[in-house]
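> Below is coords.txt; it holds compact mmCIF, C-alpha atoms.
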```txt
# COMPACT_ATOMS: atom_id res chain seq x y z
CA MET A 712 7.50 21.62 1.51
CA SER A 713 4.31 22.29 -0.37
CA GLU A 714 3.32 20.08 -3.24
CA ALA A 715 3.34 23.04 -5.64
CA ASN A 716 7.12 23.38 -5.22
CA VAL A 717 7.99 19.87 -6.37
CA PRO A 718 9.80 20.14 -9.69
CA THR A 719 7.93 18.58 -12.60
CA ASP A 720 11.06 18.90 -14.73
CA THR A 721 14.05 17.48 -12.88
CA GLU A 722 16.48 18.61 -15.60
CA ALA A 723 15.36 22.25 -15.25
CA ALA A 724 15.45 22.08 -11.44
CA LEU A 725 19.04 20.89 -11.64
CA GLU A 726 20.08 23.62 -14.12
CA SER A 727 18.63 26.44 -12.04
CA ALA A 728 19.88 25.23 -8.64
CA PRO A 729 22.56 27.27 -6.83
CA SER A 730 26.00 25.65 -7.08
CA GLU A 731 26.08 24.00 -3.63
CA GLU A 732 22.66 22.44 -4.26
CA ARG A 733 23.72 21.40 -7.74
CA ALA A 734 26.58 19.49 -6.12
CA VAL A 735 23.99 17.55 -4.12
CA TRP A 736 21.93 16.83 -7.24
CA GLU A 737 25.09 15.62 -8.99
CA ALA A 738 25.98 13.38 -6.04
CA LEU A 739 22.47 11.93 -6.05
CA ARG A 740 22.85 11.30 -9.76
CA THR A 741 25.48 8.66 -8.90
CA VAL A 742 22.90 6.68 -6.90
CA GLU A 743 21.09 4.04 -8.92
CA ASP A 744 17.87 2.23 -8.21
CA PRO A 745 19.15 -1.23 -7.15
CA GLU A 746 16.60 -2.82 -9.48
CA LEU A 747 17.42 -0.69 -12.54
CA PRO A 748 20.57 0.83 -14.05
CA VAL A 749 19.07 4.32 -13.77
CA SER A 750 19.93 7.07 -11.32
CA ILE A 751 17.33 8.16 -8.77
CA VAL A 752 17.63 11.70 -10.17
CA ASP A 753 16.77 10.51 -13.69
CA LEU A 754 13.86 8.45 -12.34
CA GLY A 755 12.48 11.72 -10.95
CA LEU A 756 12.49 10.49 -7.34
CA ILE A 757 14.10 13.65 -5.92
CA TYR A 758 11.47 16.21 -4.95
CA ASP A 759 13.60 18.80 -3.17
CA VAL A 760 17.21 19.62 -2.34
CA GLU A 761 18.33 22.30 0.09
CA VAL A 762 21.71 23.17 1.56
CA ARG A 763 22.07 25.50 4.52
CA ASP A 764 25.26 26.01 6.56
CA GLY A 765 26.69 22.66 5.54
CA HIS A 766 23.44 20.80 6.26
CA ALA A 767 21.81 19.16 3.27
CA SER A 768 18.12 18.16 3.16
CA VAL A 769 16.76 15.89 0.47
CA ASP A 770 13.10 15.01 -0.12
CA LEU A 771 12.81 11.72 -1.91
CA THR A 772 9.87 9.59 -3.03
CA LEU A 773 9.61 5.99 -4.27
CA THR A 774 8.01 4.65 -7.42
CA TYR A 775 5.58 2.51 -5.40
CA SER A 776 4.72 1.95 -1.75
CA GLY A 777 6.01 -1.63 -1.48
CA CYS A 778 9.44 -0.78 -2.89
CA PRO A 779 11.79 -3.30 -1.26
CA ALA A 780 14.84 -1.20 -2.17
CA ARG A 781 13.70 1.64 0.03
CA ASP A 782 16.26 1.40 2.82
CA ILE A 783 19.10 0.83 0.33
CA ILE A 784 18.12 3.88 -1.72
CA VAL A 785 17.88 6.11 1.35
CA GLN A 786 21.23 4.85 2.68
CA ASP A 787 22.96 5.24 -0.71
CA ALA A 788 21.57 8.76 -1.06
CA GLU A 789 22.85 9.72 2.41
CA ASP A 790 26.28 8.27 1.69
CA ALA A 791 26.57 10.02 -1.69
CA VAL A 792 25.65 13.43 -0.28
CA LEU A 793 27.98 13.07 2.72
CA ASP A 794 30.86 12.52 0.28
CA ILE A 795 30.58 16.17 -0.80
CA ASP A 796 33.32 18.28 0.84
CA ASP A 797 31.05 21.19 1.81
CA VAL A 798 28.35 19.00 3.34
CA ASP A 799 28.67 18.11 7.04
CA ASP A 800 25.43 16.23 7.52
CA VAL A 801 22.34 15.24 5.61
CA THR A 802 18.68 14.49 6.26
CA VAL A 803 16.87 12.37 3.69
CA THR A 804 13.10 12.54 4.12
CA LEU A 805 10.79 10.08 2.43
CA VAL A 806 7.74 11.91 1.05
CA HIS A 807 4.50 10.48 -0.32
CA SER A 808 3.09 13.41 -2.21
CA PRO A 809 2.70 14.16 -5.04
CA VAL A 810 2.49 10.54 -6.17
CA TRP A 811 5.37 9.65 -8.51
CA SER A 812 4.52 9.01 -12.16
CA TYR A 813 6.31 8.09 -15.38
CA GLU A 814 6.21 11.75 -16.48
CA ARG A 815 8.93 12.49 -13.94
CA ILE A 816 11.55 10.34 -15.70
CA THR A 817 14.13 12.53 -17.49
CA ALA A 818 15.17 12.12 -21.14
CA GLU A 819 18.37 10.40 -19.93
CA GLY A 820 16.30 8.13 -17.70
CA ARG A 821 14.08 7.16 -20.64
CA ARG A 822 17.15 6.41 -22.76
CA ARG A 823 18.64 4.17 -20.06
CA LEU A 824 15.35 2.34 -19.48
CA THR A 825 14.93 1.76 -23.22
CA GLU A 826 18.47 0.35 -23.36
CA HIS A 827 17.53 -1.93 -20.47
CA GLY A 828 14.54 -3.21 -22.47
CA LEU A 829 11.86 -1.29 -20.58
CA ALA A 830 9.49 1.01 -22.45
CA VAL A 831 8.23 4.08 -20.62
CA PRO A 832 4.55 4.53 -21.52
CA GLY A 833 4.26 7.08 -24.31
CA ASN A 834 7.88 6.65 -25.43
CA THR A 835 7.48 6.16 -29.18
CA ASP A 836 11.26 5.65 -29.64
CA ALA A 837 11.16 2.38 -27.72
CA PRO A 838 11.51 -0.75 -29.86
CA ASP A 839 8.33 -2.60 -30.77
CA PRO A 840 7.83 -5.23 -28.06
CA ASN A 841 7.25 -8.09 -30.47
CA CYS A 842 8.34 -11.32 -28.79
CA HIS A 843 7.57 -13.64 -31.69
CA GLU A 844 9.84 -12.38 -34.48
CA MET B 684 -9.11 23.21 3.74
CA THR B 685 -5.87 21.40 4.42
CA MET B 686 -4.46 20.86 7.87
CA SER B 687 -1.83 18.85 9.65
CA VAL B 688 -2.19 16.03 12.17
CA THR B 689 -0.98 18.47 14.82
CA ASP B 690 -4.09 20.61 14.19
CA LEU B 691 -6.41 17.77 15.26
CA SER B 692 -7.95 17.67 18.73
CA PRO B 693 -6.53 14.89 20.96
CA ASP B 694 -9.77 12.89 20.65
CA VAL B 695 -9.78 13.02 16.86
CA ARG B 696 -6.08 12.25 16.74
CA ASP B 697 -6.62 9.15 18.89
CA ALA B 698 -9.57 8.07 16.75
CA ALA B 699 -7.44 8.51 13.59
CA THR B 700 -4.60 6.46 15.07
CA ALA B 701 -6.98 3.63 16.03
CA PHE B 702 -8.69 3.69 12.63
CA LEU B 703 -5.44 3.69 10.66
CA LEU B 704 -4.06 0.87 12.82
CA ALA B 705 -7.10 -1.22 11.80
CA ILE B 706 -6.52 -0.32 8.14
CA ALA B 707 -2.83 -1.25 8.51
CA ASP B 708 -3.85 -4.58 10.06
CA ASP B 709 -6.19 -5.22 7.10
CA GLU B 710 -3.38 -4.56 4.64
CA PHE B 711 -0.83 -6.61 6.57
CA VAL B 712 -3.00 -9.69 6.98
CA ALA B 713 -4.39 -9.49 3.42
CA GLY B 714 -0.85 -9.09 2.04
CA HIS B 715 0.42 -11.96 4.17
CA ARG B 716 -2.25 -14.31 2.82
CA PHE B 717 -1.48 -13.34 -0.79
CA THR B 718 2.20 -14.18 -0.20
CA ASP B 719 1.13 -17.81 0.29
CA TRP B 720 0.70 -17.94 -3.51
CA VAL B 721 4.34 -17.18 -4.25
CA ALA B 722 5.69 -19.98 -6.47
CA VAL B 723 2.41 -21.93 -6.36
CA GLY B 724 0.20 -19.66 -8.49
CA PRO B 725 -1.80 -21.30 -11.29
CA THR B 726 0.48 -19.85 -14.00
CA MET B 727 3.84 -18.05 -13.89
CA GLU B 728 2.18 -14.80 -14.99
CA GLU B 729 -0.40 -15.12 -12.22
CA ASP B 730 2.28 -16.05 -9.71
CA ASN B 731 3.99 -12.73 -10.47
CA ALA B 732 0.70 -10.83 -10.31
CA LEU B 733 -0.28 -12.23 -6.89
CA ALA B 734 3.22 -11.69 -5.52
CA SER B 735 3.06 -8.11 -6.74
CA ILE B 736 -0.35 -7.55 -5.13
CA ALA B 737 0.99 -9.03 -1.89
CA GLN B 738 3.95 -6.66 -2.06
CA ASP B 739 1.66 -3.68 -2.64
CA GLU B 740 -0.57 -4.58 0.32
CA LEU B 741 2.44 -5.04 2.62
CA GLY B 742 3.73 -1.68 1.32
CA HIS B 743 0.40 -0.07 2.23
CA ALA B 744 0.56 -1.74 5.64
CA ARG B 745 3.96 -0.15 6.12
CA LEU B 746 2.64 3.30 5.13
CA TRP B 747 -0.05 3.14 7.81
CA TYR B 748 2.00 1.36 10.51
CA GLU B 749 4.62 4.07 10.09
CA TYR B 750 1.99 6.72 10.64
CA VAL B 751 0.78 4.90 13.78
CA ALA B 752 4.34 4.29 15.01
CA ASP B 753 4.95 8.06 14.76
CA ALA B 754 1.70 8.86 16.57
CA LEU B 755 2.30 6.37 19.40
CA ASP B 756 6.06 6.69 19.52
CA GLY B 757 6.12 2.97 18.74
CA ASP B 758 8.12 0.68 16.50
CA LEU B 759 7.09 -0.28 12.96
CA ASP B 760 8.15 -3.93 13.26
CA ASP B 761 6.57 -4.39 16.68
CA LEU B 762 3.26 -3.05 15.35
CA ALA B 763 3.29 -5.30 12.30
CA LEU B 764 4.89 -8.46 13.66
CA ASN B 765 4.70 -8.50 17.42
CA ARG B 766 1.07 -7.87 18.35
CA PRO B 767 -0.97 -10.88 19.48
CA ALA B 768 -4.10 -11.70 17.47
CA SER B 769 -6.35 -10.28 20.20
CA GLU B 770 -4.81 -6.81 19.75
CA ARG B 771 -5.31 -6.73 15.99
CA ARG B 772 -8.28 -4.96 14.43
CA ASN B 773 -8.37 -6.31 10.88
CA THR B 774 -11.60 -7.56 9.30
CA VAL B 775 -12.04 -11.33 9.68
CA LEU B 776 -12.57 -11.39 5.88
CA VAL B 777 -8.82 -11.33 5.24
CA GLU B 778 -7.57 -13.73 7.92
CA SER B 779 -8.55 -17.15 6.50
CA PRO B 780 -5.92 -18.94 4.45
CA HIS B 781 -6.89 -19.13 0.75
CA GLU B 782 -7.78 -22.81 0.51
CA ASP B 783 -8.53 -22.43 -3.19
CA PHE B 784 -7.54 -19.99 -5.95
CA ALA B 785 -11.20 -18.92 -6.10
CA ALA B 786 -10.90 -17.89 -2.43
CA ALA B 787 -8.01 -15.56 -3.32
CA ILE B 788 -10.15 -13.98 -6.05
CA ALA B 789 -13.15 -13.62 -3.71
CA VAL B 790 -10.96 -11.76 -1.19
CA ASN B 791 -9.49 -9.73 -4.04
CA VAL B 792 -13.02 -8.68 -5.14
CA LEU B 793 -14.48 -8.05 -1.68
CA TYR B 794 -11.50 -6.60 0.18
CA ASP B 795 -10.08 -4.37 -2.53
CA ALA B 796 -13.52 -2.83 -3.16
CA ALA B 797 -13.56 -1.81 0.52
CA GLU B 798 -9.95 -0.70 0.58
CA VAL B 799 -10.53 1.70 -2.33
CA LEU B 800 -13.46 3.27 -0.45
CA PHE B 801 -11.41 3.71 2.76
CA LEU B 802 -8.49 5.20 0.84
CA GLU B 803 -10.68 7.59 -1.14
CA ALA B 804 -12.35 8.87 2.03
CA LEU B 805 -8.91 9.42 3.64
CA HIS B 806 -7.51 10.99 0.47
CA ASP B 807 -10.47 13.39 0.20
CA GLY B 808 -10.12 14.27 3.89
CA ASP B 809 -8.38 17.40 5.14
CA VAL B 810 -5.30 15.98 6.89
CA ALA B 811 -2.29 16.45 4.61
CA GLU B 812 -0.07 13.66 6.02
CA ILE B 813 -2.89 11.13 5.82
CA ALA B 814 -4.20 12.21 2.41
CA ALA B 815 -0.69 11.95 0.91
CA ARG B 816 -0.27 8.36 2.09
CA ALA B 817 -3.74 7.46 0.83
CA ALA B 818 -2.89 8.94 -2.59
CA GLN B 819 0.13 6.69 -2.97
CA ALA B 820 -1.79 3.54 -1.98
CA LEU B 821 -4.80 4.48 -4.12
CA ASN B 822 -2.56 4.78 -7.14
CA GLU B 823 -1.87 1.04 -6.92
CA GLU B 824 -5.39 -0.14 -6.14
CA ALA B 825 -6.69 0.31 -9.70
CA PHE B 826 -4.51 -2.64 -10.73
CA HIS B 827 -5.87 -4.82 -7.93
CA ARG B 828 -9.45 -4.13 -8.96
CA GLU B 829 -8.57 -4.84 -12.57
CA HIS B 830 -6.97 -8.14 -11.52
CA ALA B 831 -10.17 -9.14 -9.69
CA ASP B 832 -12.40 -8.18 -12.64
CA LEU B 833 -10.33 -10.12 -15.16
CA TRP B 834 -10.34 -13.29 -13.05
CA LEU B 835 -14.08 -13.04 -12.40
CA ASP B 836 -14.53 -13.08 -16.19
CA ARG B 837 -12.15 -15.99 -16.70
CA LEU B 838 -13.35 -18.20 -13.87
CA THR B 839 -17.04 -17.75 -14.68
CA ALA B 840 -16.37 -19.06 -18.19
CA THR B 841 -16.27 -22.71 -17.08
CA GLU B 842 -18.51 -24.87 -14.95
CA GLU B 843 -15.72 -25.75 -12.54
CA GLY B 844 -14.75 -22.09 -12.20
CA ARG B 845 -18.35 -21.12 -11.47
CA ALA B 846 -18.74 -23.82 -8.84
CA ARG B 847 -15.51 -22.92 -7.06
CA LEU B 848 -16.17 -19.17 -7.18
CA THR B 849 -19.70 -19.63 -5.88
CA ALA B 850 -18.41 -21.68 -2.93
CA ALA B 851 -15.68 -19.10 -2.26
CA PHE B 852 -18.12 -16.14 -2.24
CA GLN B 853 -20.66 -18.01 -0.12
CA GLU B 854 -17.94 -18.52 2.43
CA ALA B 855 -16.32 -15.05 2.20
CA ILE B 856 -19.31 -12.68 1.98
CA PRO B 857 -20.59 -13.42 5.52
CA ARG B 858 -17.06 -12.86 6.85
CA ALA B 859 -17.03 -9.40 5.25
CA ALA B 860 -19.81 -8.26 7.58
CA ASP B 861 -17.37 -6.50 9.92
CA LEU B 862 -15.55 -4.47 7.23
CA PHE B 863 -17.29 -1.24 8.23
CA ALA B 864 -18.30 -2.16 11.80
CA PHE B 865 -16.14 0.50 13.47
CA ASP B 866 -17.12 2.18 16.71
CA ALA B 867 -19.85 4.63 15.68
CA ASP B 868 -18.80 7.53 17.93
CA ARG B 869 -15.19 7.38 16.82
CA SER B 870 -16.21 7.15 13.15
CA GLU B 871 -18.33 10.25 13.58
CA ALA B 872 -15.40 12.07 15.23
CA LEU B 873 -13.24 11.21 12.21
CA VAL B 874 -15.72 12.85 9.83
CA GLU B 875 -16.26 15.90 12.05
CA GLY B 876 -12.52 16.25 12.55
CA GLY B 877 -11.87 16.16 8.79
CA VAL B 878 -9.88 12.89 8.73
CA LEU B 879 -12.52 11.10 6.65
CA ALA B 880 -14.37 12.92 3.88
CA ARG B 881 -17.41 10.62 4.24
CA PRO B 882 -19.08 8.67 7.07
CA VAL B 883 -18.08 5.02 7.38
CA SER B 884 -21.78 4.08 7.11
CA ASP B 885 -21.90 5.68 3.62
CA LEU B 886 -18.84 3.67 2.61
CA ALA B 887 -20.61 0.50 3.76
CA VAL B 888 -23.59 1.26 1.52
CA ASP B 889 -21.29 1.99 -1.44
CA TRP B 890 -19.37 -1.21 -0.84
CA ALA B 891 -22.52 -3.33 -0.89
CA ALA B 892 -23.55 -1.62 -4.15
CA THR B 893 -20.11 -2.20 -5.71
CA VAL B 894 -20.08 -5.89 -4.77
CA ARG B 895 -23.63 -6.39 -6.06
CA ALA B 896 -22.67 -4.65 -9.33
CA ASP B 897 -19.56 -6.86 -9.63
CA LEU B 898 -21.50 -10.07 -9.05
CA ASP B 899 -25.03 -9.37 -10.27
CA GLY B 900 -23.98 -9.60 -13.90
CA SER B 901 -22.03 -12.82 -13.32
CA PRO B 902 -23.59 -16.25 -13.87
CA LEU B 903 -22.96 -17.21 -10.23
CA PRO B 904 -26.02 -18.28 -8.19
CA LEU B 905 -25.32 -15.82 -5.39
CA ASP B 906 -28.66 -13.97 -5.11
CA GLU B 907 -29.38 -15.35 -1.66
CA THR B 908 -25.87 -14.65 -0.38
CA LEU B 909 -25.96 -11.11 -1.78
CA GLU B 910 -29.34 -10.48 -0.17
CA GLY B 911 -27.73 -11.38 3.14
CA ILE B 912 -25.39 -8.36 2.95
CA GLU B 913 -26.50 -5.82 5.52
CA PRO B 914 -24.11 -2.90 5.20
CA GLU B 915 -25.09 -1.49 8.58
CA GLY B 916 -26.01 -4.68 10.40
CA ALA B 917 -24.12 -5.99 13.43
CA PRO B 918 -21.64 -8.71 12.44
CA ALA B 919 -21.66 -12.04 14.27
CA GLN B 920 -17.90 -11.72 14.67
CA ASN B 921 -16.27 -8.28 14.62
CA GLY B 922 -12.53 -8.06 13.93
CA ARG B 923 -12.76 -4.29 14.52
CA ARG B 924 -13.37 -5.15 18.19
CA GLY B 925 -10.63 -7.78 18.31
CA GLU B 926 -12.98 -10.77 17.74
CA HIS B 927 -10.96 -13.03 15.46
CA THR B 928 -11.02 -16.54 14.02
CA PRO B 929 -8.32 -19.09 15.00
CA ALA B 930 -6.81 -18.43 11.54
CA LEU B 931 -5.36 -15.12 12.76
CA GLU B 932 -3.84 -16.77 15.81
CA SER B 933 -2.14 -19.30 13.55
CA LEU B 934 -0.89 -16.51 11.26
CA VAL B 935 0.71 -14.71 14.21
CA THR B 936 2.23 -18.00 15.43
CA GLN B 937 3.59 -18.64 11.94
CA LEU B 938 5.30 -15.24 12.09
CA HIS B 939 7.20 -16.40 15.19
CA PRO B 940 9.03 -19.65 14.53
CA ASP B 941 11.20 -20.55 17.52
CA ASN B 942 14.38 -21.08 15.50
CA VAL B 943 15.14 -17.42 14.78
CA VAL B 944 18.12 -16.30 16.82
CA GLY B 945 19.84 -13.00 17.48
CA ASP B 946 18.58 -9.43 17.45
CA HIS B 947 15.63 -10.07 15.16
CA PRO B 948 12.47 -7.98 15.69
CA ILE B 949 10.30 -11.07 16.21
CA ASN B 950 12.41 -12.05 19.22
CA ARG B 951 10.85 -9.09 21.03
CA TYR B 952 7.46 -10.87 20.87
CA GLN B 953 5.85 -11.68 24.23
CA PRO B 954 2.84 -13.93 23.56
```
Can you give me the file's structure in the form of structure tokens?


Amino acid sequence: MSEANVPTDTEAALESAPSEERAVWEALRTVEDPELPVSIVDLGLIYDVEVRDGHASVDLTLTYSGCPARDIIVQDAEDAVLDIDDVDDVTVTLVHSPVWSYERITAEGRRRLTEHGLAVPGNTDAPDPNCHE
Amino acid sequence: MTMSVTDLSPDVRDAATAFLLAIADDEFVAGHRFTDWVAVGPTMEEDNALASIAQDELGHARLWYEYVADALDGDLDDLALNRPASERRNTVLVESPHEDFAAAIAVNVLYDAAEVLFLEALHDGDVAEIAARAAQALNEEAFHREHADLWLDRLTATEEGRARLTAAFQEAIPRAADLFAFDADRSEALVEGGVLARPVSDLAVDWAATVRADLDGSPLPLDETLEGIEPEGAPAQNGRRGEHTPALESLVTQLHPDNVVGDHPINRYQP
């Protein structure tokens, strides 16, 4: 897949997806980053979803190259997609481009991260990180 | 112009595989040495920072070993863990254990300056699969450079810091002489084939300039050591040709303790 096709707005990509692909997006939404209580969809890690004749393909990236949760995330994503009735098999491909950035986190992802005490750069709604009150 | 690895001629493809294996070895050995600081860093904050840098470098090693494993139909773990020292092509700069915190910072300054130049040349090259991997690694290198800069400032603020840093750089700079000492014909093929945007010899000149700029302004008495840097000179010991110090042998041995049982990747090692 070319870089130009990677959604910059995950929420919009999900809304406009055909129903069988939306089912895959929804399944992926149940998969959380093992280090954070945020779904991999809301972190903006999903770059492409395709379903053809019962075969699902997912392009997925990681927030950084040394991510130790990599194999768990890939396995969880495969398991979640295979749970869909109309999906017979799935290929999850790890992609490196374009490089992930904070801009890809959805509004829901920002809310969950803020709740968890992590401020996304540029998120003015996050509480002031004053440790000495 | 963007192309795929499959568009490369067999010679260029082989040269790219060999080059990226050396880069992977750099990252793996550098990362391994930084892991020695886990839980013994000078402060908790610094402990986290060094562990994080180690994790990044091992992540970069994985990016490149995976590429090589694909190209050679090999196994990621065998490439990283199960090659004897003589088959590795990392620079000797990264293989010594960090005997002192200043040694870790010297490697951080010298090695990361080179790594950024390699990654930029790969990222600006024409091969999509390689450029994409370089982009991801490059994204993390800015933090490593910043870490080095901040510690240079801090350590040069005291007499003890200056003395220890000076000793560390005097020891490390000569070992950096092989950083860019790749086979000249293969390096040229990489530029002609579009894998590297710039000749390795240009990167060597830029590296020397970066290191001089980093250290010239510091109060460290390193003029003589810096004058000794010959970006295109022949190194006394060249890790790019498999000439390593005993430190690498001991690192590989350390990776293979004899008490690991079962179907573990290191049990496939044949020394």

> Check which residues of chain B sit at most 6 Å from chain A using all atoms listed in the file, and return one row each with the closest pair of atoms and their distance in Å to one decimal, ordered by chain and rising number, as a tab-separated table.


```
residue	atom	partner	partner_atom	distance
B:Gln738	CA	A:Gly777	CA	5.5
B:Asp739	CA	A:Gly777	CA	4.9
B:Gly742	CA	A:Gly777	CA	3.6
B:Ala815	CA	A:Ser808	CA	5.1
B:Arg816	CA	A:His807	CA	5.7
B:Gln819	CA	A:Val810	CA	5.5
```

> Restrict the selected residues to C-alpha atoms and save them as a CSV table (one decimal), in the frame of the given file.


```
chain,number,residue,atom,x,y,z
B,738,GLN,CA,4.0,-6.7,-2.1
B,739,ASP,CA,1.7,-3.7,-2.6
B,742,GLY,CA,3.7,-1.7,1.3
B,815,ALA,CA,-0.7,12.0,0.9
B,816,ARG,CA,-0.3,8.4,2.1
B,819,GLN,CA,0.1,6.7,-3.0
```

> In terms of the shortest atom-to-atom distance over only C-alpha atoms, which of A:Ala724, A:Thr825, A:Tyr813, A:Val735 is closest to Ile795 of chain A?

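Among the listed residues, the smallest separation from Ile795 of chain A belongs to A:Val735.
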
> Considering all atoms listed in the file, return as a PDB file with C-alpha atoms, in the frame of the given file whatever protein or nucleic-acid residues lie within 8 Å of Ser750 of chain A, sequence-local ones (same chain, fewer than 2 positions apart) excluded.


```
ATOM      1  CA  LEU A 739      22.470  11.930  -6.050  1.00  0.00           C
ATOM      2  CA  ARG A 740      22.850  11.300  -9.760  1.00  0.00           C
ATOM      3  CA  THR A 741      25.480   8.660  -8.900  1.00  0.00           C
ATOM      4  CA  VAL A 742      22.900   6.680  -6.900  1.00  0.00           C
ATOM      5  CA  GLU A 743      21.090   4.040  -8.920  1.00  0.00           C
ATOM      6  CA  ASP A 744      17.870   2.230  -8.210  1.00  0.00           C
ATOM      7  CA  PRO A 748      20.570   0.830 -14.050  1.00  0.00           C
ATOM      8  CA  VAL A 752      17.630  11.700 -10.170  1.00  0.00           C
ATOM      9  CA  ASP A 753      16.770  10.510 -13.690  1.00  0.00           C
ATOM     10  CA  LEU A 754      13.860   8.450 -12.340  1.00  0.00           C
ATOM     11  CA  GLY A 820      16.300   8.130 -17.700  1.00  0.00           C
TER      12      GLY A 820
END
```

> From the set B:Val935, B:Ala831, B:Ala820, B:Ala917, which residue has the shortest atom-to-atom contact distance to Asp866 of chain B, counting only C-alpha atoms?

B:Ala917

> Please list as JSON, numbers by chain every residue within 12 Å of Asp906 of chain B, counting only C-alpha atoms and excluding residues in the same chain fewer than 5 positions away.

{"B": [849, 852, 853, 856, 894, 895, 896, 898, 899, 900, 901, 911, 912]}

> Just how far from atom CA of Met686 of chain B is atom CA of Glu803 of chain B, in Å to one decimal?

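Spanning atom CA of Glu803 of chain B to atom CA of Met686 of chain B is a straight-line distance of 17.2 Å.
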
> So which one's closest to Leu704 of chain B, B:Glu729, B:Glu842, B:Asp753, B:Glu915? Using only C-alpha atoms, please.

B:Asp753

> Compile the contact shell of segment 757-765 of chain A as a CSV table (one decimal) with C-alpha atoms, in the coordinates of the input: residues with an atom at most 12 Å away, counting all atoms listed in the file, same-chain residues fewer than 6 positions apart removed.


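Okay, result-v4.csv is ready:
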```csv
chain,number,residue,atom,x,y,z
A,712,MET,CA,7.5,21.6,1.5
A,713,SER,CA,4.3,22.3,-0.4
A,714,GLU,CA,3.3,20.1,-3.2
A,715,ALA,CA,3.3,23.0,-5.6
A,716,ASN,CA,7.1,23.4,-5.2
A,717,VAL,CA,8.0,19.9,-6.4
A,718,PRO,CA,9.8,20.1,-9.7
A,719,THR,CA,7.9,18.6,-12.6
A,720,ASP,CA,11.1,18.9,-14.7
A,721,THR,CA,14.0,17.5,-12.9
A,722,GLU,CA,16.5,18.6,-15.6
A,724,ALA,CA,15.4,22.1,-11.4
A,725,LEU,CA,19.0,20.9,-11.6
A,727,SER,CA,18.6,26.4,-12.0
A,728,ALA,CA,19.9,25.2,-8.6
A,729,PRO,CA,22.6,27.3,-6.8
A,730,SER,CA,26.0,25.6,-7.1
A,731,GLU,CA,26.1,24.0,-3.6
A,732,GLU,CA,22.7,22.4,-4.3
A,733,ARG,CA,23.7,21.4,-7.7
A,734,ALA,CA,26.6,19.5,-6.1
A,735,VAL,CA,24.0,17.6,-4.1
A,736,TRP,CA,21.9,16.8,-7.2
A,737,GLU,CA,25.1,15.6,-9.0
A,738,ALA,CA,26.0,13.4,-6.0
A,739,LEU,CA,22.5,11.9,-6.0
A,740,ARG,CA,22.8,11.3,-9.8
A,742,VAL,CA,22.9,6.7,-6.9
A,750,SER,CA,19.9,7.1,-11.3
A,751,ILE,CA,17.3,8.2,-8.8
A,771,LEU,CA,12.8,11.7,-1.9
A,772,THR,CA,9.9,9.6,-3.0
A,773,LEU,CA,9.6,6.0,-4.3
A,774,THR,CA,8.0,4.6,-7.4
A,784,ILE,CA,18.1,3.9,-1.7
A,785,VAL,CA,17.9,6.1,1.4
A,788,ALA,CA,21.6,8.8,-1.1
A,792,VAL,CA,25.6,13.4,-0.3
A,793,LEU,CA,28.0,13.1,2.7
A,795,ILE,CA,30.6,16.2,-0.8
A,796,ASP,CA,33.3,18.3,0.8
A,797,ASP,CA,31.0,21.2,1.8
A,798,VAL,CA,28.4,19.0,3.3
A,799,ASP,CA,28.7,18.1,7.0
A,800,ASP,CA,25.4,16.2,7.5
A,801,VAL,CA,22.3,15.2,5.6
A,802,THR,CA,18.7,14.5,6.3
A,803,VAL,CA,16.9,12.4,3.7
A,804,THR,CA,13.1,12.5,4.1
A,805,LEU,CA,10.8,10.1,2.4
A,806,VAL,CA,7.7,11.9,1.0
A,807,HIS,CA,4.5,10.5,-0.3
A,808,SER,CA,3.1,13.4,-2.2
A,809,PRO,CA,2.7,14.2,-5.0
A,810,VAL,CA,2.5,10.5,-6.2
A,811,TRP,CA,5.4,9.6,-8.5
A,815,ARG,CA,8.9,12.5,-13.9
A,816,ILE,CA,11.6,10.3,-15.7
A,817,THR,CA,14.1,12.5,-17.5
```

> Quick test: take segment 859-866 of chain B, keep N, CA and C atoms, and write it as a PDB file, in the first residue's frame.


```
ATOM      1  N   ALA B 859      37.047   4.461  17.036  1.00  0.00           N
ATOM      2  CA  ALA B 859      36.006   4.825  16.072  1.00  0.00           C
ATOM      3  C   ALA B 859      36.540   4.885  14.648  1.00  0.00           C
ATOM      4  N   ALA B 860      37.836   4.576  14.484  1.00  0.00           N
ATOM      5  CA  ALA B 860      38.464   4.750  13.173  1.00  0.00           C
ATOM      6  C   ALA B 860      37.888   3.842  12.091  1.00  0.00           C
ATOM      7  N   ASP B 861      37.203   2.756  12.501  1.00  0.00           N
ATOM      8  CA  ASP B 861      36.670   1.836  11.486  1.00  0.00           C
ATOM      9  C   ASP B 861      35.194   2.094  11.159  1.00  0.00           C
ATOM     10  N   LEU B 862      34.606   3.122  11.771  1.00  0.00           N
ATOM     11  CA  LEU B 862      33.159   3.358  11.586  1.00  0.00           C
ATOM     12  C   LEU B 862      32.752   3.362  10.111  1.00  0.00           C
ATOM     13  N   PHE B 863      33.579   4.003   9.287  1.00  0.00           N
ATOM     14  CA  PHE B 863      33.216   4.174   7.870  1.00  0.00           C
ATOM     15  C   PHE B 863      34.139   3.386   6.943  1.00  0.00           C
ATOM     16  N   ALA B 864      34.899   2.438   7.523  1.00  0.00           N
ATOM     17  CA  ALA B 864      35.899   1.710   6.731  1.00  0.00           C
ATOM     18  C   ALA B 864      35.288   0.498   6.021  1.00  0.00           C
ATOM     19  N   PHE B 865      34.217   0.757   5.270  1.00  0.00           N
ATOM     20  CA  PHE B 865      33.580  -0.325   4.499  1.00  0.00           C
ATOM     21  C   PHE B 865      34.341  -0.549   3.200  1.00  0.00           C
ATOM     22  N   ASP B 866      34.176  -1.717   2.635  1.00  0.00           N
ATOM     23  CA  ASP B 866      34.776  -2.038   1.346  1.00  0.00           C
ATOM     24  C   ASP B 866      34.389  -0.965   0.317  1.00  0.00           C
TER      25      ASP B 866
END
```
